[in-house]
Every structure is written in C-alpha cells, then in structure tokens.
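Engineer: So I've got this file, input30.cif, and it contains mmCIF, C-alpha atoms; chains and numbers go by the auth columns:
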```cif
data_protein
loop_
_atom_site.group_PDB
_atom_site.id
_atom_site.type_symbol
_atom_site.label_atom_id
_atom_site.label_comp_id
_atom_site.label_asym_id
_atom_site.label_seq_id
_atom_site.Cartn_x
_atom_site.Cartn_y
_atom_site.Cartn_z
_atom_site.B_iso_or_equiv
_atom_site.auth_seq_id
_atom_site.auth_asym_id
ATOM 1 C CA LYS A 1 99.477 50.176 43.073 0.00 1 A
ATOM 2 C CA SER A 2 101.619 53.333 43.184 0.00 2 A
ATOM 3 C CA ALA A 3 100.466 56.621 41.703 0.00 3 A
ATOM 4 C CA GLU A 4 103.564 56.584 39.465 0.00 4 A
ATOM 5 C CA LYS A 5 102.618 53.224 37.948 0.00 5 A
ATOM 6 C CA LEU A 6 99.027 54.324 37.466 0.00 6 A
ATOM 7 C CA CYS A 7 100.010 57.294 35.369 0.00 7 A
ATOM 8 C CA THR A 8 102.490 55.151 33.420 0.00 8 A
ATOM 9 C CA GLU A 9 99.575 52.900 32.525 0.00 9 A
ATOM 10 C CA ILE A 10 97.673 55.926 31.210 0.00 10 A
ATOM 11 C CA VAL A 11 100.600 56.856 28.960 0.00 11 A
ATOM 12 C CA LYS A 12 100.808 53.273 27.653 0.00 12 A
ATOM 13 C CA ALA A 13 97.069 53.232 26.992 0.00 13 A
ATOM 14 C CA LEU A 14 97.289 56.490 25.067 0.00 14 A
ATOM 15 C CA ALA A 15 100.174 55.145 22.977 0.00 15 A
ATOM 16 C CA ASP A 16 98.321 51.919 22.266 0.00 16 A
ATOM 17 C CA PHE A 17 95.183 53.792 21.246 0.00 17 A
ATOM 18 C CA ARG A 18 97.207 56.081 19.010 0.00 18 A
ATOM 19 C CA ARG A 19 98.719 53.111 17.174 0.00 19 A
ATOM 20 C CA ARG A 20 95.298 51.503 16.732 0.00 20 A
ATOM 21 C CA ILE A 21 93.520 54.480 15.178 0.00 21 A
ATOM 22 C CA GLU A 22 96.514 55.598 13.115 0.00 22 A
ATOM 23 C CA SER A 23 96.581 52.154 11.505 0.00 23 A
ATOM 24 C CA SER A 24 92.864 52.472 10.706 0.00 24 A
ATOM 25 C CA GLY A 25 93.376 55.899 9.120 0.00 25 A
ATOM 26 C CA ALA A 26 90.659 57.444 11.294 0.00 26 A
ATOM 27 C CA VAL A 27 92.923 60.059 12.901 0.00 27 A
ATOM 28 C CA SER A 28 96.370 61.183 11.867 0.00 28 A
ATOM 29 C CA ALA A 29 99.382 61.513 14.146 0.00 29 A
ATOM 30 C CA SER A 30 98.292 64.877 15.494 0.00 30 A
ATOM 31 C CA PRO A 31 99.489 67.343 18.157 0.00 31 A
ATOM 32 C CA SER A 32 96.432 66.434 20.254 0.00 32 A
ATOM 33 C CA PHE A 33 97.910 63.024 21.007 0.00 33 A
ATOM 34 C CA LYS A 34 101.235 64.604 21.891 0.00 34 A
ATOM 35 C CA ALA A 35 99.354 66.946 24.234 0.00 35 A
ATOM 36 C CA SER A 36 97.619 64.001 25.897 0.00 36 A
ATOM 37 C CA THR A 37 100.951 62.263 26.479 0.00 37 A
ATOM 38 C CA GLU A 38 102.479 65.492 27.776 0.00 38 A
ATOM 39 C CA LEU A 39 99.525 65.848 30.144 0.00 39 A
ATOM 40 C CA ALA A 40 99.951 62.311 31.490 0.00 40 A
ATOM 41 C CA ASN A 41 103.695 62.853 31.971 0.00 41 A
ATOM 42 C CA ARG A 42 103.168 66.114 33.833 0.00 42 A
ATOM 43 C CA VAL A 43 100.517 64.587 36.102 0.00 43 A
ATOM 44 C CA ASP A 44 102.936 61.709 36.717 0.00 44 A
ATOM 45 C CA ASP A 45 105.621 64.153 37.883 0.00 45 A
ATOM 46 C CA LEU A 46 103.266 65.927 40.286 0.00 46 A
ATOM 47 C CA LEU A 47 101.878 62.680 41.716 0.00 47 A
ATOM 48 C CA SER A 48 105.389 61.353 42.305 0.00 48 A
ATOM 49 C CA GLU A 49 106.029 64.291 44.603 0.00 49 A
ATOM 50 C CA LEU A 50 102.750 63.770 46.484 0.00 50 A
ATOM 51 C CA ALA A 51 103.372 60.062 46.976 0.00 51 A
ATOM 52 C CA ASN A 52 106.505 60.896 48.983 0.00 52 A
ATOM 53 C CA HIS A 53 104.727 63.227 51.415 0.00 53 A
ATOM 54 C CA PRO A 54 104.416 61.763 54.926 0.00 54 A
ATOM 55 C CA LEU A 55 100.938 60.846 56.152 0.00 55 A
ATOM 56 C CA ALA A 56 99.990 60.140 59.756 0.00 56 A
ATOM 57 C CA GLY A 57 96.775 59.870 61.733 0.00 57 A
ATOM 58 C CA ARG A 58 94.518 59.326 58.724 0.00 58 A
ATOM 59 C CA ALA A 59 93.477 55.704 59.289 0.00 59 A
ATOM 60 C CA THR A 60 89.814 56.652 59.712 0.00 60 A
ATOM 61 C CA LYS A 61 89.791 58.641 56.484 0.00 61 A
ATOM 62 C CA LEU A 62 91.509 55.829 54.590 0.00 62 A
ATOM 63 C CA ASN A 63 88.931 53.350 55.865 0.00 63 A
ATOM 64 C CA GLN A 64 86.118 55.668 54.766 0.00 64 A
ATOM 65 C CA LEU A 65 87.594 55.744 51.277 0.00 65 A
ATOM 66 C CA ASP A 66 87.790 51.944 51.257 0.00 66 A
ATOM 67 C CA ARG A 67 84.151 51.619 52.299 0.00 67 A
ATOM 68 C CA PHE A 68 83.067 53.944 49.511 0.00 68 A
ATOM 69 C CA LEU A 69 84.196 51.340 46.979 0.00 69 A
ATOM 70 C CA GLU A 70 81.831 48.791 48.517 0.00 70 A
ATOM 71 C CA ARG A 71 78.940 50.655 46.876 0.00 71 A
ATOM 72 C CA PRO A 72 77.854 49.566 43.379 0.00 72 A
ATOM 73 C CA SER A 73 78.911 52.973 41.990 0.00 73 A
ATOM 74 C CA GLY A 74 78.840 56.645 42.889 0.00 74 A
ATOM 75 C CA PHE A 75 80.624 59.869 43.736 0.00 75 A
ATOM 76 C CA LEU A 76 82.657 60.861 46.779 0.00 76 A
ATOM 77 C CA LEU A 77 83.687 64.460 47.481 0.00 77 A
ATOM 78 C CA VAL A 78 86.860 64.974 49.538 0.00 78 A
ATOM 79 C CA THR A 79 87.025 68.499 50.973 0.00 79 A
ATOM 80 C CA GLY A 80 89.379 70.438 53.196 0.00 80 A
ATOM 81 C CA ASP A 81 91.261 73.699 53.495 0.00 81 A
ATOM 82 C CA ALA A 82 94.228 74.401 51.232 0.00 82 A
ATOM 83 C CA GLY A 83 97.359 72.584 52.369 0.00 83 A
ATOM 84 C CA HIS A 84 95.529 70.133 54.650 0.00 84 A
ATOM 85 C CA GLY A 85 96.673 67.059 52.737 0.00 85 A
ATOM 86 C CA LYS A 86 93.772 66.096 50.480 0.00 86 A
ATOM 87 C CA SER A 87 96.063 65.122 47.602 0.00 87 A
ATOM 88 C CA ALA A 88 98.531 63.365 49.903 0.00 88 A
ATOM 89 C CA LEU A 89 95.661 61.405 51.481 0.00 89 A
ATOM 90 C CA LEU A 90 94.455 60.233 48.076 0.00 90 A
ATOM 91 C CA SER A 91 98.004 59.384 46.967 0.00 91 A
ATOM 92 C CA HIS A 92 98.619 57.179 50.009 0.00 92 A
ATOM 93 C CA TRP A 93 95.194 55.582 49.661 0.00 93 A
ATOM 94 C CA LEU A 94 95.876 54.640 46.052 0.00 94 A
ATOM 95 C CA LYS A 95 99.309 53.263 46.919 0.00 95 A
ATOM 96 C CA ARG A 96 97.753 50.691 49.234 0.00 96 A
ATOM 97 C CA ARG A 97 94.869 49.771 46.912 0.00 97 A
ATOM 98 C CA PRO A 98 94.786 46.314 45.264 0.00 98 A
ATOM 99 C CA ALA A 99 95.009 45.900 41.497 0.00 99 A
ATOM 100 C CA GLN A 100 91.216 46.083 41.093 0.00 100 A
ATOM 101 C CA PRO A 101 89.451 48.245 40.308 0.00 101 A
ATOM 102 C CA ARG A 102 91.663 49.914 37.765 0.00 102 A
ATOM 103 C CA VAL A 103 92.520 53.460 38.811 0.00 103 A
ATOM 104 C CA VAL A 104 92.675 56.506 36.546 0.00 104 A
ATOM 105 C CA ARG A 105 93.746 59.740 38.196 0.00 105 A
ATOM 106 C CA HIS A 106 93.987 63.351 37.141 0.00 106 A
ATOM 107 C CA LEU A 107 95.503 66.182 39.149 0.00 107 A
ATOM 108 C CA PHE A 108 94.490 69.762 38.388 0.00 108 A
ATOM 109 C CA SER A 109 97.375 71.903 39.592 0.00 109 A
ATOM 110 C CA CYS A 110 98.171 75.610 39.392 0.00 110 A
ATOM 111 C CA ARG A 111 101.805 74.534 39.064 0.00 111 A
ATOM 112 C CA SER A 112 101.195 73.272 35.520 0.00 112 A
ATOM 113 C CA ASP A 113 98.947 74.927 32.934 0.00 113 A
ATOM 114 C CA ILE A 114 98.361 71.777 30.893 0.00 114 A
ATOM 115 C CA THR A 115 96.947 69.934 33.918 0.00 115 A
ATOM 116 C CA ARG A 116 94.442 72.776 34.460 0.00 116 A
ATOM 117 C CA SER A 117 92.838 72.465 31.024 0.00 117 A
ATOM 118 C CA VAL A 118 89.318 71.034 31.288 0.00 118 A
ATOM 119 C CA LEU A 119 89.394 70.175 27.573 0.00 119 A
ATOM 120 C CA GLU A 120 92.611 68.159 27.938 0.00 120 A
ATOM 121 C CA PHE A 121 91.211 66.446 31.032 0.00 121 A
ATOM 122 C CA TYR A 122 88.095 65.381 29.128 0.00 122 A
ATOM 123 C CA ARG A 123 90.055 64.219 26.096 0.00 123 A
ATOM 124 C CA SER A 124 92.632 62.277 28.086 0.00 124 A
ATOM 125 C CA THR A 125 89.918 60.660 30.210 0.00 125 A
ATOM 126 C CA LEU A 126 87.838 59.876 27.134 0.00 126 A
ATOM 127 C CA VAL A 127 90.747 58.079 25.428 0.00 127 A
ATOM 128 C CA THR A 128 91.710 56.123 28.544 0.00 128 A
ATOM 129 C CA LEU A 129 88.159 55.008 29.322 0.00 129 A
ATOM 130 C CA SER A 130 87.479 54.104 25.688 0.00 130 A
ATOM 131 C CA VAL A 131 90.489 51.788 25.715 0.00 131 A
ATOM 132 C CA HIS A 132 89.583 50.367 29.124 0.00 132 A
ATOM 133 C CA TRP A 133 86.043 49.447 28.049 0.00 133 A
ATOM 134 C CA ASN A 134 86.985 48.638 24.444 0.00 134 A
ATOM 135 C CA GLN A 135 84.645 51.274 23.038 0.00 135 A
ATOM 136 C CA PRO A 136 85.314 52.785 19.575 0.00 136 A
ATOM 137 C CA LEU A 137 86.541 56.372 19.399 0.00 137 A
ATOM 138 C CA LEU A 138 87.037 57.572 15.833 0.00 138 A
ATOM 139 C CA ARG A 139 88.304 61.047 16.597 0.00 139 A
ATOM 140 C CA LEU A 140 89.310 63.275 19.471 0.00 140 A
ATOM 141 C CA PRO A 141 86.843 66.108 20.189 0.00 141 A
ATOM 142 C CA SER A 142 88.129 69.568 19.334 0.00 142 A
ATOM 143 C CA SER A 143 86.116 71.587 21.860 0.00 143 A
ATOM 144 C CA GLU A 144 85.332 71.297 25.535 0.00 144 A
ATOM 145 C CA GLU A 145 81.604 70.958 24.904 0.00 145 A
ATOM 146 C CA GLU A 146 82.139 68.242 22.310 0.00 146 A
ATOM 147 C CA ALA A 147 84.557 66.384 24.607 0.00 147 A
ATOM 148 C CA ARG A 148 82.164 66.567 27.547 0.00 148 A
ATOM 149 C CA ASP A 149 79.281 65.289 25.423 0.00 149 A
ATOM 150 C CA ALA A 150 81.440 62.431 24.093 0.00 150 A
ATOM 151 C CA LEU A 151 82.436 61.379 27.618 0.00 151 A
ATOM 152 C CA PHE A 152 78.833 61.514 28.784 0.00 152 A
ATOM 153 C CA ALA A 153 77.787 59.383 25.785 0.00 153 A
ATOM 154 C CA LEU A 154 80.537 56.850 26.509 0.00 154 A
ATOM 155 C CA LEU A 155 79.523 56.496 30.161 0.00 155 A
ATOM 156 C CA GLU A 156 75.876 56.096 29.197 0.00 156 A
ATOM 157 C CA GLU A 157 76.747 53.387 26.672 0.00 157 A
ATOM 158 C CA VAL A 158 78.798 51.523 29.276 0.00 158 A
ATOM 159 C CA ARG A 159 76.037 51.966 31.856 0.00 159 A
ATOM 160 C CA THR A 160 73.300 50.560 29.630 0.00 160 A
ATOM 161 C CA SER A 161 75.447 47.705 28.319 0.00 161 A
ATOM 162 C CA GLY A 162 76.614 46.647 31.784 0.00 162 A
ATOM 163 C CA ALA A 163 80.283 46.663 30.716 0.00 163 A
ATOM 164 C CA GLY A 164 81.293 48.618 33.815 0.00 164 A
ATOM 165 C CA LYS A 165 80.418 45.769 36.164 0.00 165 A
ATOM 166 C CA ALA A 166 82.759 43.398 34.325 0.00 166 A
ATOM 167 C CA SER A 167 85.572 45.994 34.161 0.00 167 A
ATOM 168 C CA PRO A 168 85.307 48.238 37.245 0.00 168 A
ATOM 169 C CA LEU A 169 87.117 51.553 37.297 0.00 169 A
ATOM 170 C CA LEU A 170 87.990 54.192 39.886 0.00 170 A
ATOM 171 C CA LEU A 171 88.433 57.737 38.568 0.00 171 A
ATOM 172 C CA VAL A 172 90.124 60.167 40.949 0.00 172 A
ATOM 173 C CA VAL A 173 89.860 63.874 40.058 0.00 173 A
ATOM 174 C CA ASP A 174 92.178 65.734 42.386 0.00 174 A
ATOM 175 C CA GLY A 175 92.181 69.507 42.893 0.00 175 A
ATOM 176 C CA LEU A 176 89.130 70.363 40.806 0.00 176 A
ATOM 177 C CA ASP A 177 89.156 73.874 42.272 0.00 177 A
ATOM 178 C CA GLU A 178 92.465 74.495 40.445 0.00 178 A
ATOM 179 C CA ALA A 179 91.004 73.769 37.007 0.00 179 A
ATOM 180 C CA ALA A 180 91.142 76.607 34.494 0.00 180 A
ATOM 181 C CA PRO A 181 87.907 78.544 33.835 0.00 181 A
ATOM 182 C CA SER A 182 85.542 76.303 31.900 0.00 182 A
ATOM 183 C CA GLU A 183 83.208 77.014 28.983 0.00 183 A
ATOM 184 C CA ARG A 184 80.511 74.895 30.665 0.00 184 A
ATOM 185 C CA TRP A 185 81.171 75.516 34.369 0.00 185 A
ATOM 186 C CA ASP A 186 77.438 75.825 34.931 0.00 186 A
ATOM 187 C CA CYS A 187 76.960 72.189 33.828 0.00 187 A
ATOM 188 C CA PRO A 188 77.660 69.000 35.809 0.00 188 A
ATOM 189 C CA PHE A 189 81.199 67.744 35.317 0.00 189 A
ATOM 190 C CA PHE A 190 79.971 64.139 35.058 0.00 190 A
ATOM 191 C CA PRO A 191 76.582 62.479 34.511 0.00 191 A
ATOM 192 C CA LYS A 192 74.695 61.656 37.704 0.00 192 A
ATOM 193 C CA ALA A 193 74.029 58.073 36.613 0.00 193 A
ATOM 194 C CA LEU A 194 77.332 56.193 36.447 0.00 194 A
ATOM 195 C CA PRO A 195 77.934 52.693 35.100 0.00 195 A
ATOM 196 C CA GLU A 196 77.808 49.996 37.759 0.00 196 A
ATOM 197 C CA GLY A 197 81.370 49.348 38.862 0.00 197 A
ATOM 198 C CA MET A 198 82.507 52.956 38.322 0.00 198 A
ATOM 199 C CA HIS A 199 83.419 55.185 41.251 0.00 199 A
ATOM 200 C CA ILE A 200 84.537 58.808 41.051 0.00 200 A
ATOM 201 C CA VAL A 201 86.403 60.577 43.857 0.00 201 A
ATOM 202 C CA ILE A 202 86.733 64.365 43.562 0.00 202 A
ATOM 203 C CA SER A 203 88.834 66.553 45.854 0.00 203 A
ATOM 204 C CA VAL A 204 88.260 70.280 46.231 0.00 204 A
ATOM 205 C CA ARG A 205 89.163 73.042 48.672 0.00 205 A
ATOM 206 C CA LEU A 206 86.461 73.537 51.293 0.00 206 A
ATOM 207 C CA GLY A 207 85.826 77.163 50.409 0.00 207 A
ATOM 208 C CA ASP A 208 85.444 76.384 46.692 0.00 208 A
ATOM 209 C CA VAL A 209 82.751 73.696 46.897 0.00 209 A
ATOM 210 C CA GLU A 210 80.063 76.119 45.740 0.00 210 A
ATOM 211 C CA GLU A 211 82.217 77.292 42.824 0.00 211 A
ATOM 212 C CA VAL A 212 82.668 73.941 41.069 0.00 212 A
ATOM 213 C CA PRO A 213 80.080 71.898 39.173 0.00 213 A
ATOM 214 C CA ALA A 214 77.567 70.166 41.446 0.00 214 A
ATOM 215 C CA HIS A 215 76.019 66.734 41.043 0.00 215 A
#
```
Turn the structure described in the file into structure tokens.
Structural biologist:
Amino acid sequence: KSAEKLCTEIVKALADFRRRIESSGAVSASPSFKASTELANRVDDLLSELANHPLAGRATKLNQLDRFLERPSGFLLVTGDAGHGKSALLSHWLKRRPAQPRVVRHLFSCRSDITRSVLEFYRSTLVTLSVHWNQPLLRLPSSEEEARDALFALLEEVRTSGAGKASPLLLVVDGLDEAAPSERWDCPFFPKALPEGMHIVISVRLGDVEEVPAH
C-alpha cells in the first residue's frame, strides 16, 4: 500500500472520529481537529515526495524490515547519517507491504513546523489508534504530558485485552531527531511493553541516537 494512501486513510479516520464524537456532544468542532487534519495533509505531501525517490541496492535492508514483522511485537530503530536514505527506504518498504498489518506513519520534518510538534504527533496517533482498536476517546488532550499519558494508557488497555493480536498495526515514526524540543524528552516516547500485534519502527540520524528518548 502506497504512503499516499496510508496518510489518506489517517485523514478519513480523523474525519470519521470527529463526526462520531461531535454527534455525542463530547467534544465540539474545535481547532484541534483541524490541526490534526492539517498535520495529516502535510505529512501526506512530504511522503509523496519521498515515495518518488529512487532506491537501489537495499534488498537486504528491505528483507530485514520484513523479518522484523515476524516477531509478536516490538521496536526497530533505523539509523544512518543525514541524507543516506532512511526515509526513502521506509517509503519503498511500505509501498510493497501487503494490506496487513495496517500502517500508520508520521514524518517529523524540519521543512514543516506542524509535523515537528510532539503534542500534535501524540494527539493524531491517539485518535487514529483509538479508531483502529475501537477504544473510546472522550476528549483530545490539551498538553503533551496528558497526550503521552493517554497514549500509554490506550496501549496498555489494548495489550491487556489482547485486541492488538486481532487487529495488528505497524506504526512508523520517521525522522524523530527532527522533532521539536519536547516537554518530556527525558521520558520514553512509547511504553516498553507493546500490545501483541503492534510493531513500531523509528528512524533517526546516527549522531542523534543518544539525544532522543531511549527504550
């Protein structure tokens, strides 16, 4: 499935979730939803450019990425120097992936301020995953700490309920080193214990590995 279609799915999920909670009266039609849609559209634009970059001689790396998904769950860190094709590698890998597991991707990029926001990343991911696993979300968190805690709580609920195994998901976080300064940069970006069926791939510049949250 192409990166363009993946991000389109995110936008559709956000719109669907917005309709559902507006009808319930839990959250009004607020700028935060517009921001989430703007974020998805901007990521879509950036990924469309990456998907057209040529890629050669990476068969071994692509196979390693495929084998990672054979594990029950877990994290994979993709590292390399700036400009060495980490994002292009992930874009081409996702283009050749089958329909399952569902893929959700975020690209932190210095070319777009909204993509660099850790708060918007958490909120967008929280909405998308809540819809994917049919988990209730009554309101969008207003702070980065609150959003992080809500995402952690969601993943723990899915892990303990076993819902992840029935609805697997691949989350790709590209360019984490280009994220804006975070309020909680000293804390793990994700919980160490993921739901079965959930895989997270994170790309980061080689020299910045020590400067991003560890797991």
Engineer: Running the PyMOL selection byres ((chain A and resi 104) around 6) on this model by hand, what would come out? Give it as a tab-separated table (two decimals) with C-alpha atoms, in the coordinates of the input.
Structural biologist:
```tsv
chain	number	residue	atom	x	y	z
A	103	VAL	CA	92.52	53.46	38.81
A	105	ARG	CA	93.75	59.74	38.20
A	171	LEU	CA	88.43	57.74	38.57
```
Engineer: Using all atoms listed in the file, which protein or nucleic acid residues come within 9 Å of range 189-197 of chain A? Drop anything in the same chain fewer than 3 positions from it, and give the result as a ChimeraX atom specification.
Structural biologist: /A:69,71-75,101,148,151-152,155-170,184-186,200,212-215
Engineer: So how far away is CA of Ala179 in chain A from CA of Arg67 in chain A, in Å?
Structural biologist: 27.8 Å
Engineer: Mind giving me the straight-line distance from CA of Val172 in chain A to CA of His106 in chain A in Å, one decimal?
Structural biologist: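 CA of Val172 in chain A sits 6.3 Å away from CA of His106 in chain A.
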Engineer: Do you know which residues the PyMOL selection byres ((chain A and resi 115) around 9) returns on this file, as a PDB file with C-alpha atoms, in the coordinates of the input?
Structural biologist:
```
ATOM      1  CA  LEU A  39      99.525  65.848  30.144  1.00  0.00           C
ATOM      2  CA  ALA A  40      99.951  62.311  31.490  1.00  0.00           C
ATOM      3  CA  ARG A  42     103.168  66.114  33.833  1.00  0.00           C
ATOM      4  CA  VAL A  43     100.517  64.587  36.102  1.00  0.00           C
ATOM      5  CA  HIS A 106      93.987  63.351  37.141  1.00  0.00           C
ATOM      6  CA  LEU A 107      95.503  66.182  39.149  1.00  0.00           C
ATOM      7  CA  PHE A 108      94.490  69.762  38.388  1.00  0.00           C
ATOM      8  CA  SER A 109      97.375  71.903  39.592  1.00  0.00           C
ATOM      9  CA  CYS A 110      98.171  75.610  39.392  1.00  0.00           C
ATOM     10  CA  ARG A 111     101.805  74.534  39.064  1.00  0.00           C
ATOM     11  CA  SER A 112     101.195  73.272  35.520  1.00  0.00           C
ATOM     12  CA  ASP A 113      98.947  74.927  32.934  1.00  0.00           C
ATOM     13  CA  ILE A 114      98.361  71.777  30.893  1.00  0.00           C
ATOM     14  CA  ARG A 116      94.442  72.776  34.460  1.00  0.00           C
ATOM     15  CA  SER A 117      92.838  72.465  31.024  1.00  0.00           C
ATOM     16  CA  VAL A 118      89.318  71.034  31.288  1.00  0.00           C
ATOM     17  CA  GLU A 120      92.611  68.159  27.938  1.00  0.00           C
ATOM     18  CA  PHE A 121      91.211  66.446  31.032  1.00  0.00           C
ATOM     19  CA  ALA A 179      91.004  73.769  37.007  1.00  0.00           C
ATOM     20  CA  ALA A 180      91.142  76.607  34.494  1.00  0.00           C
TER      21      ALA A 180
END
```
Engineer: Between CA of Asp174 in chain A and CA of Leu90 in chain A, measure the distance and give it in Å to one decimal.
Structural biologist: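 Separation between CA of Asp174 in chain A and CA of Leu90 in chain A: 8.2 Å.
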Engineer: List as number ranges by chain the protein and nucleic acid residues near Leu65 in chain A, meaning an atom at most 9 Å away when only C-alpha atoms are counted, but skip any in the same chain fewer than 3 places from it.
Structural biologist: A: 60-62, 68-69, 76, 90, 93, 201
Engineer: Excluding same-chain residues fewer than 5 positions from Leu154 in chain A, what lies within 8 Å of it counting all atoms listed in the file, as a PyMOL selection string?
Structural biologist: chain A and resi 126+130+135
Engineer: Just say which residues the PyMOL selection byres ((chain A and resi 81) around 8) picks in this file, as a list of chain:residue names.
Structural biologist: A:Thr79, A:Gly80, A:Ala82, A:Gly83, A:His84, A:Arg205, A:Leu206, A:Gly207
Engineer: Could you please take those selected residues and save C-alpha atoms as a tab-separated table (two decimals), in the coordinates of the input?
Structural biologist:
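part24.tsv was written with the following content:
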```
chain	number	residue	atom	x	y	z
A	79	THR	CA	87.02	68.50	50.97
A	80	GLY	CA	89.38	70.44	53.20
A	82	ALA	CA	94.23	74.40	51.23
A	83	GLY	CA	97.36	72.58	52.37
A	84	HIS	CA	95.53	70.13	54.65
A	205	ARG	CA	89.16	73.04	48.67
A	206	LEU	CA	86.46	73.54	51.29
A	207	GLY	CA	85.83	77.16	50.41
```
Engineer: Out of A:Arg123, A:Glu145, A:Ala59, A:Glu70, which residue has the shortest atom-to-atom distance to His92 in chain A when counting all atoms listed in the file?
Structural biologist: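 Smallest separation from His92 in chain A among the options: A:Ala59.
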Engineer: Considering all atoms listed in the file, can you say which of A:Glu144, A:Met198, A:Lys86, A:Arg97 comes closest to Ser124 in chain A?
Structural biologist: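 Among the listed residues, A:Glu144 lies closest to Ser124 in chain A.
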Engineer: Identify which of the residues A:Asn63, A:Ser87, A:Ser203, A:Thr125 lies closest to Pro141 in chain A, counting all atoms listed in the file when measuring atom-to-atom distances.
Structural biologist: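 Looking at the shortest contact to Pro141 in chain A, the residue is A:Thr125.
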Engineer: Emit as AutoDock Vina command-line options the padded axis-aligned box for all listed atoms of range 94-108 of chain A, 4 Å per side, with centre and edge lengths in Å to one decimal.
Structural biologist:
```
--center_x 94.4 --center_y 57.8 --center_z 42.9 --size_x 17.9 --size_y 31.9 --size_z 20.7
```
Engineer: With distances taken over only C-alpha atoms, which of A:Asp66, A:Leu119, A:Ala153, A:Val204 is nearest to Pro136 in chain A?
Structural biologist: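 The answer is A:Ala153, which sits nearest to Pro136 in chain A.
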